[in-house]
Each structure stands twice: as structure tokens, then as C-alpha cells.
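Contents: one structure, followed by commentary.
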Amino acid sequence: MASLADRIARDGSVRFDLAMELLLYGDDGFFTTGGGAGRRADFITSPEVGPLFGAVIARALDDEWERLGRPDPFVVVEAGAGRGALAKAVLDAAPRYAAALRYVCVERSAALRDSASQALPVELPRNVLGPATDGLDDVEPHRIDVVGPIVTVLDDLPLLPVTGVVLANELLDNLPVRLLDRTDDGWSEVFVSLEGELLVTAPDDAAAEADRLAPAATPGARIPLQHEAASWLRRAVDLLSAGRVIVVDYADATPSLARRPWPEWLRTYRGHERGGHPLEHPGEQDVTCEVALDQLARVRAPATDVAQAVWLRDRGIDELVASARATWDERAGIGDLEAMRARSRVNEAAALLDPAGLGAFRVLEWQVD
């Protein structure tokens, strides 16, 4: 894929969603070159805080496995898996469904897939999902006489129907968005040229969609059209024969986004700090957009929509923390590794539940039966 500079040099200007795509995944894009989450990278997501988030996810997956009747195999597809931190934490939690577990890490960036493959005991896709992943569409994909957990890494969602969970933690905010600007004359669309932003009269269908989503928008307002996120949700739901789609991200509704200054919800991150304008430092900063909940709901209304802090508490984080506190109280005087891990778990919980930080993220769930 070309770089943003190459495409602008060829075409003169590009629509903002293509610019965002190239900034993240172009030849010199942020994720192409290995940028992303981690304590030594550019931002911290819940899995990188520590293993507690993955331990709670493992409990939620256990609930879904039980609800589905303990299927074997039980397939978990993690989209936007990055370096594999969440997958490793889920596996380390030793869940009850481990023998049935087939864990599929989906990551577009080859550099991050390589990192995940080094961190996890990765198998070939055919060993996890079956021979049909090699193009033998007439082969039953689920007849694999192997005791799990087994893990593989793909660059896109699998095409085979599965029973289990599709999980996306802070993925949808990185999917490209079209950016519309309300002017005195109606809606314009943001393009990118050598000079920076360029406003072009929006096509009739995009303008009509913007009017439906943010009818009270005033001149100067901007909104994202999140067609890529909607498309991803359709694919994720269609992937499941039965199970659940779980999305964790920071989110709002389109009318609210229209009332807010756009740099508040179309943000960049670089070296664990907020970055500059999305067009600054190409390939050196993450570009993210808050997820418009109402636009996803037009695809399918979620069965669950709660703050991350609420969702984690509903799935037993307080119980895990209470156990860690008891271990710390018992072993603090010893100061061994078990004591240090217990103290770390308490600190992780504070970060994950922080109402001014990760605790305010939204958790959305779609059930498929």
C-alpha cells in the first residue's frame, strides 16, 4: 500500500478516510512500522495495564461457553490483537474451557503479527480452524481432534462460521472515517492535499446521511461517517453461527460529537502523550476516532451497552481484587513474587475502573443465536 505522500502526489488530494488508512497502514504507516500499545510504545490499553483485564475477559468467555452449552471447539476471534497481550492473559488465566479453546488473533500489521507469534504458542491456521482455511471449502472446519487451547494469527477475520466470541478491544476507533464539515451552505467533506485540509461539497448521499445523524449541527460542526466500523460489525455478526460480539472502545453519539470540538474526538497519540493534528508527523502517531454508538446501532442494536467499570464489576473483578488483597496482606512481609503480583493486581484494578480513564470506555455486546 502506498504512503499518503505518494497518493497525494499522484492524485492531488485524497478523501480523509483514505488519508487515515494510509497514515495507519500505508507503506510508512503507524501500525505498519510496529507502532501501537505497550508500556514502551505510544499508548496503554487495558490489556497492557497488566493481566487482570484478560483474567476478567476469561471469566466472561467462560460464561458464554456455558450459555452456548459448552461447545467444542469454542472459537474466540480477537480482532486488532496487536502484540498478543490480551490473548496471553486469557490463556494464562487457565479458563475452564481451555481444552475446547481455539484462539484466533487477527492483526493487519505484519510487524505486530510477528510480535504476537513470538509471545504466543502459535499454530498454523489449518491446525486451529481446520483444512477449510486452505481453500478446501467442502471440508468440515470443526472436526479437529486436538485438545486446546491452540492459537493462530491471521491478517483478517476468518471466513468460516464459528461458535464462540468475536472480541475487539480498541479496534473500531482505528478504522478509517469519512469526515464531514457543516458550513453555511450545507455539508462539505474533508479531503487532504499538500496544503493540508481541503473542503469539497459533500455528495448528496453523504450530506443526507449527515442530516439524519446530526440534524441540529451548526456551521463549524464536524461529524465522522463510520462506514468501516459498521461494515466490520456486520462481518463480525455474520461470522458467528452462535455466540457473542464484544466491543470495547471509547464512544459517543453523533449528535454529541457534532456539538463537541472535533479535536476532542478525533485524536492522536504519540509516545504516551496526545499528539498533534492528524496530518502532522505521518506514520509517527496513532490516529483514532471515538466510536459513534448510534451509527453502529443502525446495523444492529447492542444487547449490552455499559461503561467498562460496570462491565468488569458485573464479571467479577472485585472478587479477583479481594483475593489479591488477601494475598498481599498475608505475604507483604515476605515480599516475594506472589506478593508483588497481588499488589500489582490491586493497582491494575484502579486503572481499569477509573471513571476518568479506562473505566469510562463503553462495552457493547451483540448476541447471536
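Each chain in the C-alpha cells gets a letter, A, B, ..., in the order shown, and its residues are numbered from 1; ligands are numbered from 1 in order too.
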Residue neighbourhood Trp265 (chain A), 9 Å, only C-alpha atoms, exclusion window fewer than 5 positions, as a short mmCIF file (atom, residue, chain, number, x, y, z; two decimals) with N, CA and C atoms, in the first residue's frame:
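Once written, out04.cif looks like this:
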data_model
loop_
_atom_site.label_atom_id
_atom_site.label_comp_id
_atom_site.auth_asym_id
_atom_site.auth_seq_id
_atom_site.Cartn_x
_atom_site.Cartn_y
_atom_site.Cartn_z
N ALA A 251 -16.48 5.99 23.21
CA ALA A 251 -17.60 6.16 22.30
C ALA A 251 -18.49 7.32 22.72
N ASP A 252 -19.33 7.73 21.78
CA ASP A 252 -20.30 8.80 21.99
C ASP A 252 -21.39 8.60 20.94
N LEU A 257 -21.13 14.33 19.21
CA LEU A 257 -19.87 14.63 18.54
C LEU A 257 -19.96 15.95 17.77
N ARG A 260 -19.32 18.90 20.00
CA ARG A 260 -18.01 19.00 20.62
C ARG A 260 -16.95 19.46 19.60
N THR A 288 -7.04 8.20 15.98
CA THR A 288 -8.21 7.49 16.48
C THR A 288 -9.44 8.39 16.45
N CYS A 289 -10.60 7.75 16.35
CA CYS A 289 -11.88 8.48 16.34
C CYS A 289 -12.84 7.77 17.28
N GLU A 290 -13.46 8.52 18.18
CA GLU A 290 -14.45 7.92 19.07
C GLU A 290 -15.53 7.23 18.24
N VAL A 291 -16.01 6.12 18.77
CA VAL A 291 -16.99 5.31 18.05
C VAL A 291 -18.38 5.90 18.23
#
inquiry  = For the strand (DSSP E) assignment from backbone DSSP, which residues of region 135-270 of chain A qualify? Please present them as number ranges by chain.
reply    = A: 150-154, 162-169, 178-183, 186-193, 196-201, 222-225, 240-249, 251-252, 266-270
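Excluding region 199-204 of chain A itself and any same-chain residue fewer than 3 positions from it, the protein and nucleic acid residues within 6 Å of it, counting only C-alpha atoms, are Trp187, Ser188, Glu189, Val190 and Ala207 of chain A.
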Export C-alpha atoms of the chosen residues as a PDB file, in the first residue's frame?
ATOM      1  CA  TRP A 187     -22.209  19.736   4.356  1.00  0.00           C
ATOM      2  CA  SER A 188     -18.711  19.616   2.935  1.00  0.00           C
ATOM      3  CA  GLU A 189     -16.314  16.689   3.074  1.00  0.00           C
ATOM      4  CA  VAL A 190     -12.714  16.914   4.244  1.00  0.00           C
ATOM      5  CA  ALA A 207     -24.962  15.009   3.039  1.00  0.00           C
TER       6      ALA A 207
END
key: Within 7 Å of Ala253 (chain A) using only C-alpha atoms, minus same-chain residues under 6 positions, as a PyMOL selection string   = chain A and resi 292-294
For the contact check between region 240-351 of chain A and region 55-68 of chain A, emit one row per residue of region 240-351 of chain A within 10 Å, containing the shortest atom pair and the distance in Å rounded to one decimal, counting only C-alpha atoms, chain then rising number order, as CSV.
residue,atom,partner,partner_atom,distance
A:Ala242,CA,A:Leu68,CA,7.6
A:Gly243,CA,A:Leu68,CA,7.0
A:Arg244,CA,A:Glu64,CA,7.7
A:Trp311,CA,A:Val56,CA,9.6
A:Leu312,CA,A:Val56,CA,6.7
A:Arg313,CA,A:Val56,CA,9.1
A:Asp314,CA,A:Ala60,CA,9.4
A:Arg315,CA,A:Ala60,CA,6.3
A:Gly316,CA,A:Val56,CA,6.8
A:Ile317,CA,A:Val56,CA,6.2
A:Asp318,CA,A:Val56,CA,10.0
A:Leu320,CA,A:Val56,CA,8.4
I want to know what sits within 12 Å of Gly359 (chain A), based on only C-alpha atoms, with residues of the same chain fewer than 2 positions away left out; could you give that as a PDB file with N, CA and C atoms, in the first residue's frame?
ATOM      1  N   THR A  45      -3.395   0.348  26.512  1.00  0.00           N
ATOM      2  CA  THR A  45      -4.768  -0.131  26.514  1.00  0.00           C
ATOM      3  C   THR A  45      -4.953  -1.046  27.726  1.00  0.00           C
ATOM      4  N   SER A  46      -6.190  -1.439  27.984  1.00  0.00           N
ATOM      5  CA  SER A  46      -6.470  -2.236  29.182  1.00  0.00           C
ATOM      6  C   SER A  46      -5.615  -3.501  29.292  1.00  0.00           C
ATOM      7  N   PHE A  53      -7.131  -7.542  33.306  1.00  0.00           N
ATOM      8  CA  PHE A  53      -8.181  -7.356  32.304  1.00  0.00           C
ATOM      9  C   PHE A  53      -8.430  -8.670  31.562  1.00  0.00           C
ATOM     10  N   VAL A 248     -15.024  -3.179  22.935  1.00  0.00           N
ATOM     11  CA  VAL A 248     -14.642  -2.246  23.991  1.00  0.00           C
ATOM     12  C   VAL A 248     -13.951  -1.060  23.331  1.00  0.00           C
ATOM     13  N   ASP A 249     -14.477   0.149  23.595  1.00  0.00           N
ATOM     14  CA  ASP A 249     -13.879   1.330  22.962  1.00  0.00           C
ATOM     15  C   ASP A 249     -14.418   2.585  23.623  1.00  0.00           C
ATOM     16  N   TYR A 250     -13.785   3.714  23.341  1.00  0.00           N
ATOM     17  CA  TYR A 250     -14.363   4.972  23.798  1.00  0.00           C
ATOM     18  C   TYR A 250     -15.350   5.442  22.749  1.00  0.00           C
ATOM     19  N   VAL A 306     -22.674  -0.680  28.355  1.00  0.00           N
ATOM     20  CA  VAL A 306     -22.375  -0.174  29.691  1.00  0.00           C
ATOM     21  C   VAL A 306     -20.945   0.326  29.738  1.00  0.00           C
ATOM     22  N   ALA A 307     -20.625   1.080  30.779  1.00  0.00           N
ATOM     23  CA  ALA A 307     -19.253   1.520  30.992  1.00  0.00           C
ATOM     24  C   ALA A 307     -18.372   0.324  31.334  1.00  0.00           C
ATOM     25  N   GLN A 308     -17.102   0.411  30.957  1.00  0.00           N
ATOM     26  CA  GLN A 308     -16.182  -0.692  31.229  1.00  0.00           C
ATOM     27  C   GLN A 308     -16.144  -1.028  32.715  1.00  0.00           C
ATOM     28  N   ALA A 309     -16.150  -0.010  33.584  1.00  0.00           N
ATOM     29  CA  ALA A 309     -16.099  -0.269  35.024  1.00  0.00           C
ATOM     30  C   ALA A 309     -17.279  -1.122  35.469  1.00  0.00           C
ATOM     31  N   VAL A 310     -18.461  -0.812  34.957  1.00  0.00           N
ATOM     32  CA  VAL A 310     -19.661  -1.584  35.307  1.00  0.00           C
ATOM     33  C   VAL A 310     -19.533  -3.014  34.788  1.00  0.00           C
ATOM     34  N   TRP A 311     -19.105  -3.159  33.536  1.00  0.00           N
ATOM     35  CA  TRP A 311     -18.995  -4.482  32.908  1.00  0.00           C
ATOM     36  C   TRP A 311     -17.992  -5.360  33.657  1.00  0.00           C
ATOM     37  N   LEU A 312     -16.849  -4.786  34.036  1.00  0.00           N
ATOM     38  CA  LEU A 312     -15.841  -5.560  34.746  1.00  0.00           C
ATOM     39  C   LEU A 312     -16.348  -5.988  36.124  1.00  0.00           C
ATOM     40  N   ARG A 313     -17.059  -5.102  36.793  1.00  0.00           N
ATOM     41  CA  ARG A 313     -17.603  -5.464  38.117  1.00  0.00           C
ATOM     42  C   ARG A 313     -18.663  -6.545  37.988  1.00  0.00           C
ATOM     43  N   GLU A 348      -3.728  -2.504  39.129  1.00  0.00           N
ATOM     44  CA  GLU A 348      -4.341  -2.653  37.808  1.00  0.00           C
ATOM     45  C   GLU A 348      -5.832  -2.362  37.871  1.00  0.00           C
ATOM     46  N   ALA A 349      -6.488  -2.867  38.892  1.00  0.00           N
ATOM     47  CA  ALA A 349      -7.928  -2.660  39.021  1.00  0.00           C
ATOM     48  C   ALA A 349      -8.264  -1.179  39.114  1.00  0.00           C
ATOM     49  N   ALA A 350      -7.463  -0.429  39.855  1.00  0.00           N
ATOM     50  CA  ALA A 350      -7.719   1.002  39.977  1.00  0.00           C
ATOM     51  C   ALA A 350      -7.683   1.695  38.617  1.00  0.00           C
ATOM     52  N   ALA A 351      -6.734   1.299  37.773  1.00  0.00           N
ATOM     53  CA  ALA A 351      -6.636   1.896  36.437  1.00  0.00           C
ATOM     54  C   ALA A 351      -7.796   1.456  35.546  1.00  0.00           C
ATOM     55  N   LEU A 352      -8.161   0.187  35.601  1.00  0.00           N
ATOM     56  CA  LEU A 352      -9.220  -0.328  34.734  1.00  0.00           C
ATOM     57  C   LEU A 352     -10.588   0.229  35.092  1.00  0.00           C
ATOM     58  N   LEU A 353     -10.780   0.591  36.365  1.00  0.00           N
ATOM     59  CA  LEU A 353     -12.081   1.068  36.839  1.00  0.00           C
ATOM     60  C   LEU A 353     -12.156   2.592  36.930  1.00  0.00           C
ATOM     61  N   ASP A 354     -11.075   3.270  36.631  1.00  0.00           N
ATOM     62  CA  ASP A 354     -11.008   4.733  36.764  1.00  0.00           C
ATOM     63  C   ASP A 354     -12.087   5.407  35.908  1.00  0.00           C
ATOM     64  N   PRO A 355     -13.057   6.106  36.523  1.00  0.00           N
ATOM     65  CA  PRO A 355     -14.135   6.729  35.737  1.00  0.00           C
ATOM     66  C   PRO A 355     -13.663   7.871  34.848  1.00  0.00           C
ATOM     67  N   ALA A 356     -12.460   8.369  35.098  1.00  0.00           N
ATOM     68  CA  ALA A 356     -11.900   9.422  34.251  1.00  0.00           C
ATOM     69  C   ALA A 356     -10.946   8.862  33.207  1.00  0.00           C
ATOM     70  N   GLY A 357     -10.812   7.539  33.165  1.00  0.00           N
ATOM     71  CA  GLY A 357      -9.898   6.916  32.216  1.00  0.00           C
ATOM     72  C   GLY A 357     -10.514   5.691  31.585  1.00  0.00           C
ATOM     73  N   PHE A 361     -14.625   3.730  29.277  1.00  0.00           N
ATOM     74  CA  PHE A 361     -14.837   3.120  27.968  1.00  0.00           C
ATOM     75  C   PHE A 361     -16.189   2.415  27.961  1.00  0.00           C
ATOM     76  N   ARG A 362     -16.758   2.229  26.753  1.00  0.00           N
ATOM     77  CA  ARG A 362     -18.021   1.516  26.629  1.00  0.00           C
ATOM     78  C   ARG A 362     -17.745   0.065  26.245  1.00  0.00           C
ATOM     79  N   VAL A 363     -18.569  -0.831  26.770  1.00  0.00           N
ATOM     80  CA  VAL A 363     -18.550  -2.229  26.375  1.00  0.00           C
ATOM     81  C   VAL A 363     -19.887  -2.540  25.709  1.00  0.00           C
TER      82      VAL A 363
END
request  = Find the residues around Pro47 (chain A) up to 12 Å (only C-alpha atoms counted), leave out those fewer than 3 positions away in its own chain, and share them as a PyMOL selection string.
outcome  = chain A and resi 37-39+43-44+50-57+81-90+168-170+248+348-349+351-352+358
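Here CA of Val14 (chain A) stands at a distance of 24.3 Å from CA of Gly34 (chain A).
Atom pair CA of Glu209 (chain A) / CA of Arg182 (chain A): separated by 12.6 Å.
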Those of region 106-270 of chain A in DSSP helix (DSSP H, G or I), formatted as a JSON list (two decimals) with C-alpha atoms, in the first residue's frame:
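Below is the file that was written, result06.json:
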[["chain", "number", "residue", "atom", "x", "y", "z"],
["A", 110, "ALA", "CA", 2.71, -7.76, 9.79],
["A", 111, "ALA", "CA", 5.11, -6.32, 12.37],
["A", 112, "LEU", "CA", 2.56, -6.76, 15.17],
["A", 113, "ARG", "CA", 1.62, -10.25, 13.94],
["A", 114, "ASP", "CA", 5.28, -11.19, 14.23],
["A", 115, "SER", "CA", 5.35, -9.87, 17.80],
["A", 116, "ALA", "CA", 2.22, -11.86, 18.68],
["A", 117, "SER", "CA", 3.71, -15.00, 17.16],
["A", 118, "GLN", "CA", 6.76, -14.62, 19.40],
["A", 119, "ALA", "CA", 4.64, -14.08, 22.51],
["A", 125, "PRO", "CA", -4.44, -21.68, 10.76],
["A", 126, "ARG", "CA", -5.43, -25.12, 9.42],
["A", 127, "ASN", "CA", -4.48, -26.67, 12.77],
["A", 128, "VAL", "CA", -6.83, -24.29, 14.59],
["A", 129, "LEU", "CA", -9.73, -23.74, 12.20],
["A", 131, "PRO", "CA", -8.39, -27.66, 6.45],
["A", 132, "ALA", "CA", -11.07, -25.37, 5.03],
["A", 133, "THR", "CA", -8.77, -22.45, 5.84],
["A", 134, "ASP", "CA", -6.58, -23.73, 3.00],
["A", 172, "LEU", "CA", -13.08, 0.34, 15.93],
["A", 173, "ASP", "CA", -11.58, 3.71, 16.87],
["A", 174, "ASN", "CA", -8.74, 2.97, 14.42],
["A", 204, "ASP", "CA", -25.79, 14.07, -1.92],
["A", 205, "ASP", "CA", -25.93, 10.69, -0.18],
["A", 206, "ALA", "CA", -23.28, 11.66, 2.38],
["A", 207, "ALA", "CA", -24.96, 15.01, 3.04],
["A", 208, "ALA", "CA", -28.32, 13.30, 3.50],
["A", 209, "GLU", "CA", -26.78, 10.81, 5.91],
["A", 210, "ALA", "CA", -25.16, 13.62, 7.89],
["A", 211, "ASP", "CA", -28.50, 15.43, 8.11],
["A", 212, "ARG", "CA", -30.13, 12.29, 9.51],
["A", 213, "LEU", "CA", -27.36, 11.68, 12.02],
["A", 227, "HIS", "CA", -18.88, 3.12, 7.37],
["A", 228, "GLU", "CA", -15.83, 0.94, 8.04],
["A", 229, "ALA", "CA", -16.86, 0.32, 11.64],
["A", 230, "ALA", "CA", -20.39, -0.56, 10.53],
["A", 231, "SER", "CA", -19.02, -2.92, 7.89],
["A", 232, "TRP", "CA", -16.77, -4.60, 10.47],
["A", 233, "LEU", "CA", -19.74, -5.16, 12.79],
["A", 234, "ARG", "CA", -21.77, -6.76, 10.01],
["A", 235, "ARG", "CA", -18.88, -9.13, 9.23],
["A", 236, "ALA", "CA", -18.34, -9.97, 12.90],
["A", 237, "VAL", "CA", -22.01, -10.81, 13.47],
["A", 238, "ASP", "CA", -22.17, -12.84, 10.25],
["A", 239, "LEU", "CA", -19.06, -14.79, 11.31],
["A", 254, "THR", "CA", -23.14, 11.51, 16.52],
["A", 255, "PRO", "CA", -25.26, 14.49, 17.69],
["A", 256, "SER", "CA", -22.98, 14.84, 20.71],
["A", 257, "LEU", "CA", -19.87, 14.63, 18.54],
["A", 258, "ALA", "CA", -21.29, 17.43, 16.38],
["A", 259, "ARG", "CA", -21.56, 19.66, 19.45],
["A", 262, "TRP", "CA", -13.65, 17.81, 16.66],
["A", 263, "PRO", "CA", -10.06, 17.51, 18.00],
["A", 264, "GLU", "CA", -11.62, 16.15, 21.23],
["A", 265, "TRP", "CA", -12.95, 13.04, 19.48]]
Residue nearest Val146 (chain A) - candidates A:Ala322, A:Ala99, A:Val192, A:Leu167, atoms counted: only C-alpha atoms = A:Ala99
